[in-house]
Amino acid sequence: MSLRINFEVIDKIEALGSKGMEKCYNCGNCIGICPMELDILPRKIFRYALLGVHDKIVEEKEMIFSCLLCKRCEESCPSDVPIAENIRILRYYINHEEFKI
Amino acid sequence: MIQNFKRMKNKIGVYICQCGGNISDYVDVEKVREAVKNEPGVALAKHMMFTCADSSQKEMIDDIKENKLDALVVASCSPKLHLYTFRNVAERAGINQYNYIQVNLREQCSWAHTDKPKDATIKGIGLVRAGIAKVRLSKALEKITISSYNVVTIIGAGVSGMRAAIELADMGTDVYLIEKDHFVGGRPTQMEELFQSKQTGKEITERLFTEIKKREKIKLFTGAELESLTGNIGNFHAKVKIKPRYIIPDYDKKKLKEVIEKCTDEVPDEFNFGLIKRKAIYKNYDKALPDIPVIDKDSFNPDDKFLETYKDCIDLNQKEKILNLKSGAILLTTGFDLYEPNKGEYGYGNFENVITLHQLKRIIELNDNEKLMYNNKDVKRIVFIYCVGSRQTKGENKYCSRFCCTAAIHSSIIIKKRYKDIRCCHIYRDMRTYGKQEILYNEARDQKDMFFKFNEEEPPIIEKEGDNTIVKIKDVLLEGQEIELIPDLVVLVTGMIPRKDTPALANIVKAPIGLDKFFNEVHPKLRPVETVIDGVFIAGSCQGPKNITESINSSLAASAKIHSIISSGEIKLEPIIATINKDTCEWCGKCIEVCDYDAITKTEYNGKSIATVNIALCKGGGMCLPVCPVDAIEITGYSNLEIESMIDAINKEIKIESTEEVTPVDESEHKMKEMPEIWNKIIESLKQEQKSISQIAEGTNLSLPVITYHIMTMVKYGYVNPTEMNDMDEFYFYELKK
């Protein structure tokens with residue numbers, strides 16, 4: 001099943017103030033160091049967010065909400081992606097768009 | 001016969017180069033020196049660490065002057081590297097440069113035979129002896145001098161051609177600038193704003209054109225096409241056909257405007273890639289230069305009344321003119337064509353919203369709405385697909401077109417600046433925004449353009465789903481997961497291809513075409529603007545994909561090169577060419593067929609036809625030599641006498657006493673004859689049963705090494721065979737061969 005890019009979702013996430021997600025080059029340092037051993041975060045989830053795939057973002061909500069926001073990943077990120085801030089924005093997005101809070 | 005040769009050189013200096021070990025590690029230079037020092041004619045033989053070093057050159061010059069040497073042989077590297085270095089040494093020392101011969105010891109002996117040093121030395125001695133034999137018979141030659149017009153014909157008035165014309169004119173050379181189209185400027189006029197200078201291609205063209213008009217030395221011909229080219233460097237005759245504009249030269253501008261307005265005949269506009277229509281009386285664009293419109297006669301169908309009313313503007317009876325231009329050199333700056341995708345390639349031609357990058361550039365320029373419109377529809381999402389028609393590993397265009405990545409990114413930046421709410425997606429193979437153009441790439445990323453990488457094996461697929469066009473790609477960052485985009489416009493980023501008329505032009509000027517079908521230079525690094533045809537130069541993108549900066553670089557390089565050759569009014573050429581014995585030549589025409597340079601013509605002499613060599617065209621290629629049935633052709637410096645003497649010298653016996661290294665010689669056969677009794681003993685003991693080596697030793701009282709040696713030899717010559725191993729797999733048993 002192919003993922004369809006939704007430019008409206010991209011615009012919404014951008015409007016929430018996401019930044020630097022496109023700098024991720026999928027090295028996986030963040031996953032190696034994650035105390036919660038979240039193996040989708042953040043490299044794939046950011047890609048879904050960049051492509052505006054709403055369903056996939058919602059599908060991974062467990063992961064997004066399990067994050068401790070400890071920022072250990074940010075420290076080891078070679079590309080200086082503000083990971084925790086972007087995760088927070090995605091939580092807001094899910095709350096807003098999916099749970100209508 | 002050789003002994004009777006009067007002008008034989010008798011004081012030859014021979015220098016053998018060690019090349020700091022490159023040669024002397026394998027070739028024993030001292031042995032070479034010993035072997036050649038008593039050759040006939042040799043007055044002095046030395047070896048040196050580096051013959052090309054300044055101190056060595058000085059030593060050679062001093063030697064030559066002191067000993068009054070009359071010829072020089074240097075055995076060093078390939079003549080491609082240092083032929084001119086040592087010719088120069090000879091000249092400085094007061095001997096003619098053609099009394100110098102270079103022998104290639106490094107590439108042909110030491111580097112080629114690192115595994116056989118002794119044989120390399122033997123070969124080296126042979127080659128040096130041949131060099132000495134040749135130099136003994138060498139004659140002092142002078143360069144051939146021919147006169148030259150200080151005039152250049154430049155074919156193609158694009159940016160490269162115009163820039164070269166200005167430069168040559170400023171250096172004092174007259175220029176004929178020939179443009180096939182009716183307007184100057186070429187491809188850049190179709191591009192809008194250009195990166196770095198922020199000027200448009202049209203502004204650049206205008207600037208160059210104004211400069212050209214200021215210079216009397218430049219004569220510009222538009223609508224002009226090269227029909228034929230004869231002659232040679234210094235003296236080319238170009239026949240140029242000039243197409244008429246059908247507009248009376250001193251026309252009334254206001255009235256002509258009226259004519260254009262009233263003209264009703266319309267055709268698709270080639271300049272705008274058929275996106276709009278133009279009238280039959282047209283200019284490529286509003287400010288196209290020279291500022292005179294052209295009538296496209298094929299599509300212009302006025303009635304008689306129309307012609308009568310405007311007869312002081314239009315003259316449909318103008319005829320083609322033929323010009324004969326004489327010049328010393330030819331510069332080709334014919335430029336490139338844009339790749340036209342095949343029908344169906346990424347949906348091109350099938351879906352109306354699949355266009356090429358150059359069409360997009362025209363759309364942006366022609367669009368005067370606040371929003372970007374295409375086919376009366378708003379454009380919000382644009383997908384660029386890169387490397388269309390370039391870097392095809394299986395297709396024809398294997399090269400990278402260099403300019404297209406930057407052009408596409410630059411277009412996306414311009415679009416984003418000019419129109420709001422547009423998002424550009426780039427589907428690329430490798431982003432090649434090299435050098436300063438990387439700034440653009442960063443700018444595009446900052447403006448939130450999206451980038452997707454694809455491999456040549458898995459190109460994006462373009463499909464229609466209802467009204468939507470869907471682009472499907474496999475996303476590398478999602479481990480090959482297929483994703484879909486729905487753009488309003490798909491832009492194919494197409495590259496440069498050689499012009500369609502390149503083969504025809506190449507045929508006229510005889511310039512070579514490379515594997516990529518662009519014009520080919522002599523050496524990509526060291527002689528980048530010359531072709532193998534003397535006096536024919538290339539610059540700009542007719543040589544291969546280049547951006548404007550690079551095109552101008554090469555056109556300036558070509559102008560400097562051309563000026564240095566033709567400006568003095570005379571040209572010096574290598575004297576090593578073919579000469580024809582007028583008395584023996586019986587004109588069969590065979591030489592003319594094989595000459596690669598068309599340097600031979602038929603002339604009359606003493607009431608018979610003979611072949612004559614054009615000294616300016618002949619390169620001394622030597623193809624004519626073997627085909628001549630009466631042996632009437634000779635190449636200067638490669639006469640039969642010289643070649644035969646070289647062969648004789650190479651064939652002389654070479655003896656070197658081996659000191660360190662002994663070439664292994666097969667001794668087994670020799671020893672077999674010497675010691676038949678050992679063989680007989682072994683054969684005798686093997687007659688009853690198969691035995692191991694130690695068992696044979698027990699029965700024959702011979703030592704183990706001797707038996708081993710002879711058994712191995714006997715195996716080699718097929719007397720015995722190894723059979724099986726003992727139980728512990730330690731040694732073989734041997735038996736007699738049946």
# chains A, B, ... in the order shown; residues from 1 in each chain; ligands from 1
>>> interface_residues(of="chain A", to="chain B", cutoff="9 Å", atoms="only C-alpha atoms", output="PyMOL selection string")
chain A and resi 1-7+22+25-26+43-44+47-48+50-51
>>> residues_around(residues="stretch 619-634 of chain B", least_positions_apart="6", cutoff="7 Å", atoms="only C-alpha atoms", output="ChimeraX atom specification")
/B:576-581,584-585,590-591,594-595
>>> residues_around(residues="A:Cys70", least_positions_apart="6", cutoff="9 Å", atoms="only C-alpha atoms", output="mmCIF file with C-alpha atoms, in the first residue's frame")
data_model
loop_
_atom_site.group_PDB
_atom_site.id
_atom_site.type_symbol
_atom_site.label_atom_id
_atom_site.label_comp_id
_atom_site.auth_asym_id
_atom_site.auth_seq_id
_atom_site.Cartn_x
_atom_site.Cartn_y
_atom_site.Cartn_z
ATOM 1 C CA CYS A 34 16.661 5.778 23.832
ATOM 2 C CA PRO A 35 15.967 4.689 27.437
ATOM 3 C CA ALA A 84 11.919 16.633 21.803
#
>>> select_by_dssp(residues="stretch 555-728 of chain B", states="strand (DSSP E or B)", output="PyMOL selection string")
chain B and resi 570-573+578-580+600-605+608-613+633-635+691-692+720-725
>>> residues_around(residues="stretch 636-642 of chain B", least_positions_apart="6", cutoff="10 Å", atoms="only C-alpha atoms", output="ChimeraX atom specification")
/B:1-2,5,98-99,130-131,133-141,575-579,620,622,648
>>> select_by_dssp(residues="chain A", states="helix (DSSP H, G or I)", output="PDB file with N, CA and C atoms, in the first residue's frame")
ATOM      1  N   PHE A   7      -0.324  17.438   1.424  1.00  0.00           N
ATOM      2  CA  PHE A   7       0.321  18.727   1.629  1.00  0.00           C
ATOM      3  C   PHE A   7      -0.371  19.557   2.700  1.00  0.00           C
ATOM      4  N   GLU A   8      -1.691  19.318   2.916  1.00  0.00           N
ATOM      5  CA  GLU A   8      -2.399  20.070   3.958  1.00  0.00           C
ATOM      6  C   GLU A   8      -1.872  19.702   5.336  1.00  0.00           C
ATOM      7  N   VAL A   9      -1.662  18.380   5.537  1.00  0.00           N
ATOM      8  CA  VAL A   9      -1.112  17.933   6.826  1.00  0.00           C
ATOM      9  C   VAL A   9       0.278  18.535   7.028  1.00  0.00           C
ATOM     10  N   ILE A  10       1.072  18.541   5.957  1.00  0.00           N
ATOM     11  CA  ILE A  10       2.415  19.119   6.059  1.00  0.00           C
ATOM     12  C   ILE A  10       2.313  20.569   6.502  1.00  0.00           C
ATOM     13  N   ASP A  11       1.421  21.312   5.855  1.00  0.00           N
ATOM     14  CA  ASP A  11       1.255  22.727   6.198  1.00  0.00           C
ATOM     15  C   ASP A  11       0.834  22.889   7.651  1.00  0.00           C
ATOM     16  N   LYS A  12      -0.091  22.012   8.129  1.00  0.00           N
ATOM     17  CA  LYS A  12      -0.571  22.121   9.513  1.00  0.00           C
ATOM     18  C   LYS A  12       0.569  21.901  10.498  1.00  0.00           C
ATOM     19  N   ILE A  13       1.346  20.855  10.257  1.00  0.00           N
ATOM     20  CA  ILE A  13       2.446  20.554  11.184  1.00  0.00           C
ATOM     21  C   ILE A  13       3.473  21.680  11.151  1.00  0.00           C
ATOM     22  N   GLU A  14       3.725  22.208   9.960  1.00  0.00           N
ATOM     23  CA  GLU A  14       4.657  23.335   9.853  1.00  0.00           C
ATOM     24  C   GLU A  14       4.129  24.550  10.603  1.00  0.00           C
ATOM     25  N   ALA A  15       2.811  24.744  10.498  1.00  0.00           N
ATOM     26  CA  ALA A  15       2.212  25.902  11.165  1.00  0.00           C
ATOM     27  C   ALA A  15       2.338  25.791  12.687  1.00  0.00           C
ATOM     28  N   MET A  21      13.206  18.973  11.151  1.00  0.00           N
ATOM     29  CA  MET A  21      12.968  17.531  10.960  1.00  0.00           C
ATOM     30  C   MET A  21      13.647  17.024   9.698  1.00  0.00           C
ATOM     31  N   GLU A  22      13.697  17.907   8.672  1.00  0.00           N
ATOM     32  CA  GLU A  22      14.278  17.482   7.395  1.00  0.00           C
ATOM     33  C   GLU A  22      15.789  17.290   7.480  1.00  0.00           C
ATOM     34  N   LYS A  23      16.371  17.764   8.607  1.00  0.00           N
ATOM     35  CA  LYS A  23      17.826  17.588   8.735  1.00  0.00           C
ATOM     36  C   LYS A  23      18.212  16.152   9.067  1.00  0.00           C
ATOM     37  N   ASN A  29      21.202   7.000  15.621  1.00  0.00           N
ATOM     38  CA  ASN A  29      21.826   7.239  16.924  1.00  0.00           C
ATOM     39  C   ASN A  29      20.770   7.395  18.014  1.00  0.00           C
ATOM     40  N   CYS A  30      19.674   8.076  17.680  1.00  0.00           N
ATOM     41  CA  CYS A  30      18.617   8.372  18.647  1.00  0.00           C
ATOM     42  C   CYS A  30      18.003   7.075  19.170  1.00  0.00           C
ATOM     43  N   ILE A  31      17.835   6.111  18.285  1.00  0.00           N
ATOM     44  CA  ILE A  31      17.211   4.857  18.677  1.00  0.00           C
ATOM     45  C   ILE A  31      18.131   4.059  19.592  1.00  0.00           C
ATOM     46  N   GLY A  32      19.434   4.100  19.257  1.00  0.00           N
ATOM     47  CA  GLY A  32      20.405   3.347  20.053  1.00  0.00           C
ATOM     48  C   GLY A  32      20.450   3.815  21.499  1.00  0.00           C
ATOM     49  N   ILE A  33      20.194   5.072  21.726  1.00  0.00           N
ATOM     50  CA  ILE A  33      20.424   5.650  23.045  1.00  0.00           C
ATOM     51  C   ILE A  33      19.120   5.813  23.831  1.00  0.00           C
ATOM     52  N   ARG A  43      13.257   8.744  13.800  1.00  0.00           N
ATOM     53  CA  ARG A  43      13.611   8.927  12.395  1.00  0.00           C
ATOM     54  C   ARG A  43      12.456   8.633  11.445  1.00  0.00           C
ATOM     55  N   LYS A  44      11.678   7.592  11.757  1.00  0.00           N
ATOM     56  CA  LYS A  44      10.600   7.285  10.825  1.00  0.00           C
ATOM     57  C   LYS A  44       9.432   8.226  11.012  1.00  0.00           C
ATOM     58  N   ILE A  45       9.155   8.513  12.304  1.00  0.00           N
ATOM     59  CA  ILE A  45       7.978   9.329  12.588  1.00  0.00           C
ATOM     60  C   ILE A  45       8.153  10.735  11.994  1.00  0.00           C
ATOM     61  N   PHE A  46       9.402  11.211  11.996  1.00  0.00           N
ATOM     62  CA  PHE A  46       9.638  12.527  11.382  1.00  0.00           C
ATOM     63  C   PHE A  46       9.435  12.482   9.885  1.00  0.00           C
ATOM     64  N   ARG A  47       9.839  11.384   9.286  1.00  0.00           N
ATOM     65  CA  ARG A  47       9.656  11.250   7.837  1.00  0.00           C
ATOM     66  C   ARG A  47       8.162  11.268   7.503  1.00  0.00           C
ATOM     67  N   TYR A  48       7.365  10.533   8.334  1.00  0.00           N
ATOM     68  CA  TYR A  48       5.914  10.528   8.099  1.00  0.00           C
ATOM     69  C   TYR A  48       5.367  11.944   8.241  1.00  0.00           C
ATOM     70  N   ALA A  49       5.873  12.667   9.241  1.00  0.00           N
ATOM     71  CA  ALA A  49       5.389  14.024   9.472  1.00  0.00           C
ATOM     72  C   ALA A  49       5.758  14.931   8.303  1.00  0.00           C
ATOM     73  N   LEU A  50       6.983  14.735   7.785  1.00  0.00           N
ATOM     74  CA  LEU A  50       7.427  15.565   6.659  1.00  0.00           C
ATOM     75  C   LEU A  50       6.612  15.285   5.410  1.00  0.00           C
ATOM     76  N   LEU A  51       6.187  14.018   5.264  1.00  0.00           N
ATOM     77  CA  LEU A  51       5.402  13.655   4.078  1.00  0.00           C
ATOM     78  C   LEU A  51       3.911  13.900   4.301  1.00  0.00           C
ATOM     79  N   HIS A  54      -0.992  11.342   7.604  1.00  0.00           N
ATOM     80  CA  HIS A  54      -1.753  11.441   8.853  1.00  0.00           C
ATOM     81  C   HIS A  54      -1.949  10.068   9.519  1.00  0.00           C
ATOM     82  N   ASP A  55      -2.379   9.094   8.735  1.00  0.00           N
ATOM     83  CA  ASP A  55      -2.677   7.767   9.295  1.00  0.00           C
ATOM     84  C   ASP A  55      -1.474   7.165   9.998  1.00  0.00           C
ATOM     85  N   LYS A  56      -0.321   7.316   9.383  1.00  0.00           N
ATOM     86  CA  LYS A  56       0.881   6.703   9.959  1.00  0.00           C
ATOM     87  C   LYS A  56       1.272   7.405  11.262  1.00  0.00           C
ATOM     88  N   ILE A  57       1.077   8.718  11.282  1.00  0.00           N
ATOM     89  CA  ILE A  57       1.417   9.453  12.506  1.00  0.00           C
ATOM     90  C   ILE A  57       0.526   8.965  13.642  1.00  0.00           C
ATOM     91  N   VAL A  58      -0.756   8.830  13.343  1.00  0.00           N
ATOM     92  CA  VAL A  58      -1.709   8.397  14.374  1.00  0.00           C
ATOM     93  C   VAL A  58      -1.423   6.945  14.783  1.00  0.00           C
ATOM     94  N   GLU A  59      -1.058   6.133  13.805  1.00  0.00           N
ATOM     95  CA  GLU A  59      -0.741   4.724  14.074  1.00  0.00           C
ATOM     96  C   GLU A  59       0.380   4.595  15.116  1.00  0.00           C
ATOM     97  N   LYS A  61       0.945   6.600  17.624  1.00  0.00           N
ATOM     98  CA  LYS A  61       0.701   7.505  18.754  1.00  0.00           C
ATOM     99  C   LYS A  61       1.228   6.942  20.066  1.00  0.00           C
ATOM    100  N   GLU A  62       1.167   5.585  20.223  1.00  0.00           N
ATOM    101  CA  GLU A  62       1.698   4.957  21.438  1.00  0.00           C
ATOM    102  C   GLU A  62       3.150   5.372  21.667  1.00  0.00           C
ATOM    103  N   MET A  63       3.879   5.267  20.551  1.00  0.00           N
ATOM    104  CA  MET A  63       5.305   5.605  20.602  1.00  0.00           C
ATOM    105  C   MET A  63       5.492   7.072  20.954  1.00  0.00           C
ATOM    106  N   ILE A  64       4.737   7.906  20.250  1.00  0.00           N
ATOM    107  CA  ILE A  64       4.910   9.352  20.429  1.00  0.00           C
ATOM    108  C   ILE A  64       4.620   9.747  21.880  1.00  0.00           C
ATOM    109  N   PHE A  65       3.611   9.097  22.455  1.00  0.00           N
ATOM    110  CA  PHE A  65       3.277   9.476  23.828  1.00  0.00           C
ATOM    111  C   PHE A  65       4.133   8.742  24.865  1.00  0.00           C
ATOM    112  N   SER A  66       4.866   7.694  24.464  1.00  0.00           N
ATOM    113  CA  SER A  66       5.747   7.003  25.418  1.00  0.00           C
ATOM    114  C   SER A  66       7.036   7.772  25.660  1.00  0.00           C
ATOM    115  N   ARG A  72      17.998  12.783  25.601  1.00  0.00           N
ATOM    116  CA  ARG A  72      19.287  12.097  25.409  1.00  0.00           C
ATOM    117  C   ARG A  72      19.583  11.955  23.919  1.00  0.00           C
ATOM    118  N   CYS A  73      18.515  11.697  23.156  1.00  0.00           N
ATOM    119  CA  CYS A  73      18.697  11.542  21.708  1.00  0.00           C
ATOM    120  C   CYS A  73      19.207  12.844  21.075  1.00  0.00           C
ATOM    121  N   GLU A  74      18.676  13.949  21.567  1.00  0.00           N
ATOM    122  CA  GLU A  74      19.084  15.238  21.007  1.00  0.00           C
ATOM    123  C   GLU A  74      20.584  15.453  21.190  1.00  0.00           C
ATOM    124  N   GLU A  75      21.068  15.019  22.385  1.00  0.00           N
ATOM    125  CA  GLU A  75      22.487  15.198  22.669  1.00  0.00           C
ATOM    126  C   GLU A  75      23.366  14.419  21.702  1.00  0.00           C
ATOM    127  N   SER A  76      22.880  13.226  21.336  1.00  0.00           N
ATOM    128  CA  SER A  76      23.720  12.398  20.463  1.00  0.00           C
ATOM    129  C   SER A  76      23.404  12.607  18.980  1.00  0.00           C
ATOM    130  N   ILE A  83      14.719  17.214  18.571  1.00  0.00           N
ATOM    131  CA  ILE A  83      13.813  16.055  18.557  1.00  0.00           C
ATOM    132  C   ILE A  83      12.649  16.232  19.529  1.00  0.00           C
ATOM    133  N   ALA A  84      12.972  16.570  20.782  1.00  0.00           N
ATOM    134  CA  ALA A  84      11.919  16.633  21.803  1.00  0.00           C
ATOM    135  C   ALA A  84      10.846  17.645  21.426  1.00  0.00           C
ATOM    136  N   GLU A  85      11.282  18.788  20.915  1.00  0.00           N
ATOM    137  CA  GLU A  85      10.338  19.838  20.543  1.00  0.00           C
ATOM    138  C   GLU A  85       9.402  19.347  19.435  1.00  0.00           C
ATOM    139  N   ASN A  86       9.951  18.647  18.496  1.00  0.00           N
ATOM    140  CA  ASN A  86       9.125  18.140  17.395  1.00  0.00           C
ATOM    141  C   ASN A  86       8.155  17.062  17.862  1.00  0.00           C
ATOM    142  N   ILE A  87       8.609  16.229  18.822  1.00  0.00           N
ATOM    143  CA  ILE A  87       7.714  15.207  19.377  1.00  0.00           C
ATOM    144  C   ILE A  87       6.521  15.885  20.076  1.00  0.00           C
ATOM    145  N   ARG A  88       6.845  16.934  20.795  1.00  0.00           N
ATOM    146  CA  ARG A  88       5.804  17.681  21.491  1.00  0.00           C
ATOM    147  C   ARG A  88       4.774  18.229  20.487  1.00  0.00           C
ATOM    148  N   ILE A  89       5.290  18.742  19.380  1.00  0.00           N
ATOM    149  CA  ILE A  89       4.398  19.299  18.365  1.00  0.00           C
ATOM    150  C   ILE A  89       3.513  18.211  17.764  1.00  0.00           C
ATOM    151  N   LEU A  90       4.109  17.019  17.579  1.00  0.00           N
ATOM    152  CA  LEU A  90       3.317  15.907  17.031  1.00  0.00           C
ATOM    153  C   LEU A  90       2.234  15.481  18.024  1.00  0.00           C
ATOM    154  N   ARG A  91       2.543  15.501  19.339  1.00  0.00           N
ATOM    155  CA  ARG A  91       1.528  15.182  20.348  1.00  0.00           C
ATOM    156  C   ARG A  91       0.371  16.161  20.236  1.00  0.00           C
ATOM    157  N   TYR A  92       0.737  17.417  20.106  1.00  0.00           N
ATOM    158  CA  TYR A  92      -0.286  18.453  19.983  1.00  0.00           C
ATOM    159  C   TYR A  92      -1.133  18.190  18.740  1.00  0.00           C
ATOM    160  N   TYR A  93      -0.458  17.833  17.670  1.00  0.00           N
ATOM    161  CA  TYR A  93      -1.153  17.582  16.398  1.00  0.00           C
ATOM    162  C   TYR A  93      -2.140  16.428  16.549  1.00  0.00           C
ATOM    163  N   ILE A  94      -1.670  15.334  17.196  1.00  0.00           N
ATOM    164  CA  ILE A  94      -2.549  14.167  17.347  1.00  0.00           C
ATOM    165  C   ILE A  94      -3.740  14.527  18.240  1.00  0.00           C
ATOM    166  N   ASN A  95      -3.448  15.174  19.361  1.00  0.00           N
ATOM    167  CA  ASN A  95      -4.530  15.585  20.259  1.00  0.00           C
ATOM    168  C   ASN A  95      -5.571  16.415  19.526  1.00  0.00           C
ATOM    169  N   HIS A  96      -5.050  17.309  18.733  1.00  0.00           N
ATOM    170  CA  HIS A  96      -5.914  18.275  18.076  1.00  0.00           C
ATOM    171  C   HIS A  96      -6.695  17.660  16.931  1.00  0.00           C
ATOM    172  N   GLU A  97      -5.989  16.907  16.084  1.00  0.00           N
ATOM    173  CA  GLU A  97      -6.602  16.422  14.852  1.00  0.00           C
ATOM    174  C   GLU A  97      -7.335  15.101  15.041  1.00  0.00           C
TER     175      GLU A  97
END
